[in-house]
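Engineer: There's a structure below that I have some questions on.
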Amino acid sequence: MNKKATYHTRQREQILRYLKSVPGVHTTAGDLCRYFEEQGTPIGKATVYRHLERLVDEGLVNKYHIDSESSACFEFCGETAHCEHDVCFHCKCEKCGRLIHLHCTELEQVQKHLKEQHQFLLDPLRVVFYGVCEECKS
């Protein structure tokens, strides 16, 4: 955790409240800016990024870099990052760009195998499977 002081500004609390209200949803800074604009309480993009990075440093929010073409996404994870305890991977639809959380015990076994048999520690925050989602497949 970063040793910087924690500032509890109104914007920080609004961002945190929103992220808590959409559990399991990956949100970009742009998504947050649009949401607050629609609510009539716009927050500047630089302010959103600054607060998101601080929330990541505080361990309240996970940050995902899916690929070089996509914006980073953020997700509220509470006091302890969910991926430290529950293995969580991601699937990205190559047609619509949707990002899907994937909790799968079989993949946990793959992660365990890689660690025990190959001395390789897989980072589930960065593992992404590419394909086509159910909606786009139809």
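Identifiers in the structure tokens: chain A, B, ... in order shown; residue index from 1 per chain; ligand index from 1 in order shown.
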Which polymer residues have any atom within 6 Å of an atom of region 17-32 of chain A, counting only C-alpha atoms, with same-chain residues fewer than 6 positions away left out, as an NGL selection string?
Structural biologist: :A and (73-76)
Engineer: Residues of region 35-75 of chain A that approach region 121-125 of chain A to 10 Å or less, counting only C-alpha atoms: could you list each one with the shortest pair of atoms and its distance in Å to one decimal, rows by chain and increasing residue number, as a Markdown table?
Structural biologist:
```
| residue | atom | partner | partner_atom | distance |
| --- | --- | --- | --- | --- |
| A:Asn62 | CA | A:Leu125 | CA | 8.3 |
| A:Lys63 | CA | A:Leu125 | CA | 8.1 |
| A:Tyr64 | CA | A:Leu125 | CA | 6.3 |
| A:His65 | CA | A:Leu125 | CA | 8.3 |
| A:Ile66 | CA | A:Leu125 | CA | 8.8 |
```
Engineer: Compare A:Thr105, A:Val128, A:Leu114, A:Phe120 by their minimum atom-to-atom distance to Phe89 (chain A), counting only C-alpha atoms, and give me the closest one.
Structural biologist: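 Looking at the shortest contact to Phe89 (chain A), the residue is A:Val128.
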Engineer: Give one line per residue of region 18-110 of chain A that approaches region 132-136 of chain A to at most 10 Å, naming the two atoms of the closest pair and their distance in Å to one decimal, counting only C-alpha atoms; sort by chain then ascending residue number and deliver it as a Markdown table.
Structural biologist:
```
| residue | atom | partner | partner_atom | distance |
| --- | --- | --- | --- | --- |
| A:Cys91 | CA | A:Cys133 | CA | 8.4 |
| A:Lys92 | CA | A:Val132 | CA | 7.5 |
| A:Cys93 | CA | A:Val132 | CA | 4.6 |
| A:Glu94 | CA | A:Val132 | CA | 5.8 |
| A:Lys95 | CA | A:Val132 | CA | 6.4 |
| A:Cys96 | CA | A:Cys136 | CA | 7.2 |
| A:Gly97 | CA | A:Val132 | CA | 9.1 |
| A:Arg98 | CA | A:Cys133 | CA | 7.8 |
| A:Leu99 | CA | A:Cys133 | CA | 9.2 |
| A:Ile100 | CA | A:Cys133 | CA | 8.8 |
```
Engineer: What would the file look like if the residues just selected were written as a tab-separated table (two decimals), in the first residue's frame with all heavy atoms?
Structural biologist:
```tsv
chain	number	residue	atom	x	y	z
A	91	CYS	N	-12.31	-13.14	-19.56
A	91	CYS	CA	-12.56	-13.46	-20.96
A	91	CYS	C	-12.91	-12.15	-21.65
A	91	CYS	O	-13.69	-11.36	-21.11
A	91	CYS	CB	-13.73	-14.43	-21.11
A	91	CYS	SG	-13.45	-16.03	-20.38
A	92	LYS	N	-12.36	-11.93	-22.83
A	92	LYS	CA	-12.69	-10.72	-23.58
A	92	LYS	C	-13.24	-11.12	-24.94
A	92	LYS	O	-12.62	-11.89	-25.68
A	92	LYS	CB	-11.46	-9.84	-23.77
A	92	LYS	CG	-11.82	-8.55	-24.50
A	92	LYS	CD	-10.72	-7.55	-24.50
A	92	LYS	CE	-11.22	-6.30	-25.21
A	92	LYS	NZ	-10.26	-5.25	-25.20
A	93	CYS	N	-14.43	-10.58	-25.24
A	93	CYS	CA	-15.05	-10.85	-26.53
A	93	CYS	C	-14.35	-10.02	-27.60
A	93	CYS	O	-14.22	-8.80	-27.48
A	93	CYS	CB	-16.54	-10.51	-26.49
A	93	CYS	SG	-17.36	-10.83	-28.07
A	94	GLU	N	-13.91	-10.71	-28.64
A	94	GLU	CA	-13.20	-10.03	-29.72
A	94	GLU	C	-14.14	-9.26	-30.65
A	94	GLU	O	-13.67	-8.46	-31.45
A	94	GLU	CB	-12.39	-11.05	-30.52
A	94	GLU	CG	-11.27	-11.65	-29.70
A	94	GLU	CD	-10.51	-12.72	-30.43
A	94	GLU	OE1	-11.15	-13.72	-30.84
A	94	GLU	OE2	-9.29	-12.57	-30.58
A	95	LYS	N	-15.46	-9.48	-30.51
A	95	LYS	CA	-16.41	-8.75	-31.35
A	95	LYS	C	-16.91	-7.49	-30.66
A	95	LYS	O	-16.84	-6.41	-31.22
A	95	LYS	CB	-17.58	-9.65	-31.74
A	95	LYS	CG	-17.20	-10.70	-32.75
A	95	LYS	CD	-18.41	-11.38	-33.31
A	95	LYS	CE	-17.98	-12.36	-34.39
A	95	LYS	NZ	-19.11	-12.96	-35.06
A	96	CYS	N	-17.45	-7.62	-29.44
A	96	CYS	CA	-18.05	-6.46	-28.77
A	96	CYS	C	-17.14	-5.83	-27.72
A	96	CYS	O	-17.41	-4.76	-27.23
A	96	CYS	CB	-19.39	-6.84	-28.13
A	96	CYS	SG	-19.25	-7.94	-26.70
A	97	GLY	N	-16.05	-6.52	-27.36
A	97	GLY	CA	-15.11	-5.97	-26.39
A	97	GLY	C	-15.50	-6.21	-24.93
A	97	GLY	O	-14.80	-5.76	-24.03
A	98	ARG	N	-16.61	-6.89	-24.71
A	98	ARG	CA	-17.08	-7.15	-23.35
A	98	ARG	C	-16.03	-7.92	-22.55
A	98	ARG	O	-15.40	-8.84	-23.06
A	98	ARG	CB	-18.38	-7.94	-23.42
A	98	ARG	CG	-18.99	-8.22	-22.08
A	98	ARG	CD	-20.36	-8.87	-22.28
A	98	ARG	NE	-20.80	-9.42	-21.03
A	98	ARG	CZ	-21.40	-10.58	-20.89
A	98	ARG	NH1	-21.69	-11.30	-21.96
A	98	ARG	NH2	-21.75	-11.02	-19.73
A	99	LEU	N	-15.86	-7.55	-21.29
A	99	LEU	CA	-14.93	-8.22	-20.39
A	99	LEU	C	-15.74	-8.98	-19.36
A	99	LEU	O	-16.62	-8.43	-18.71
A	99	LEU	CB	-14.04	-7.18	-19.72
A	99	LEU	CG	-12.88	-7.72	-18.90
A	99	LEU	CD1	-11.91	-8.50	-19.78
A	99	LEU	CD2	-12.17	-6.56	-18.22
A	100	ILE	N	-15.45	-10.26	-19.22
A	100	ILE	CA	-16.24	-11.14	-18.36
A	100	ILE	C	-15.33	-11.74	-17.29
A	100	ILE	O	-14.25	-12.25	-17.60
A	100	ILE	CB	-16.87	-12.28	-19.20
A	100	ILE	CG1	-17.71	-11.71	-20.33
A	100	ILE	CG2	-17.66	-13.24	-18.32
A	100	ILE	CD1	-18.01	-12.69	-21.45
```
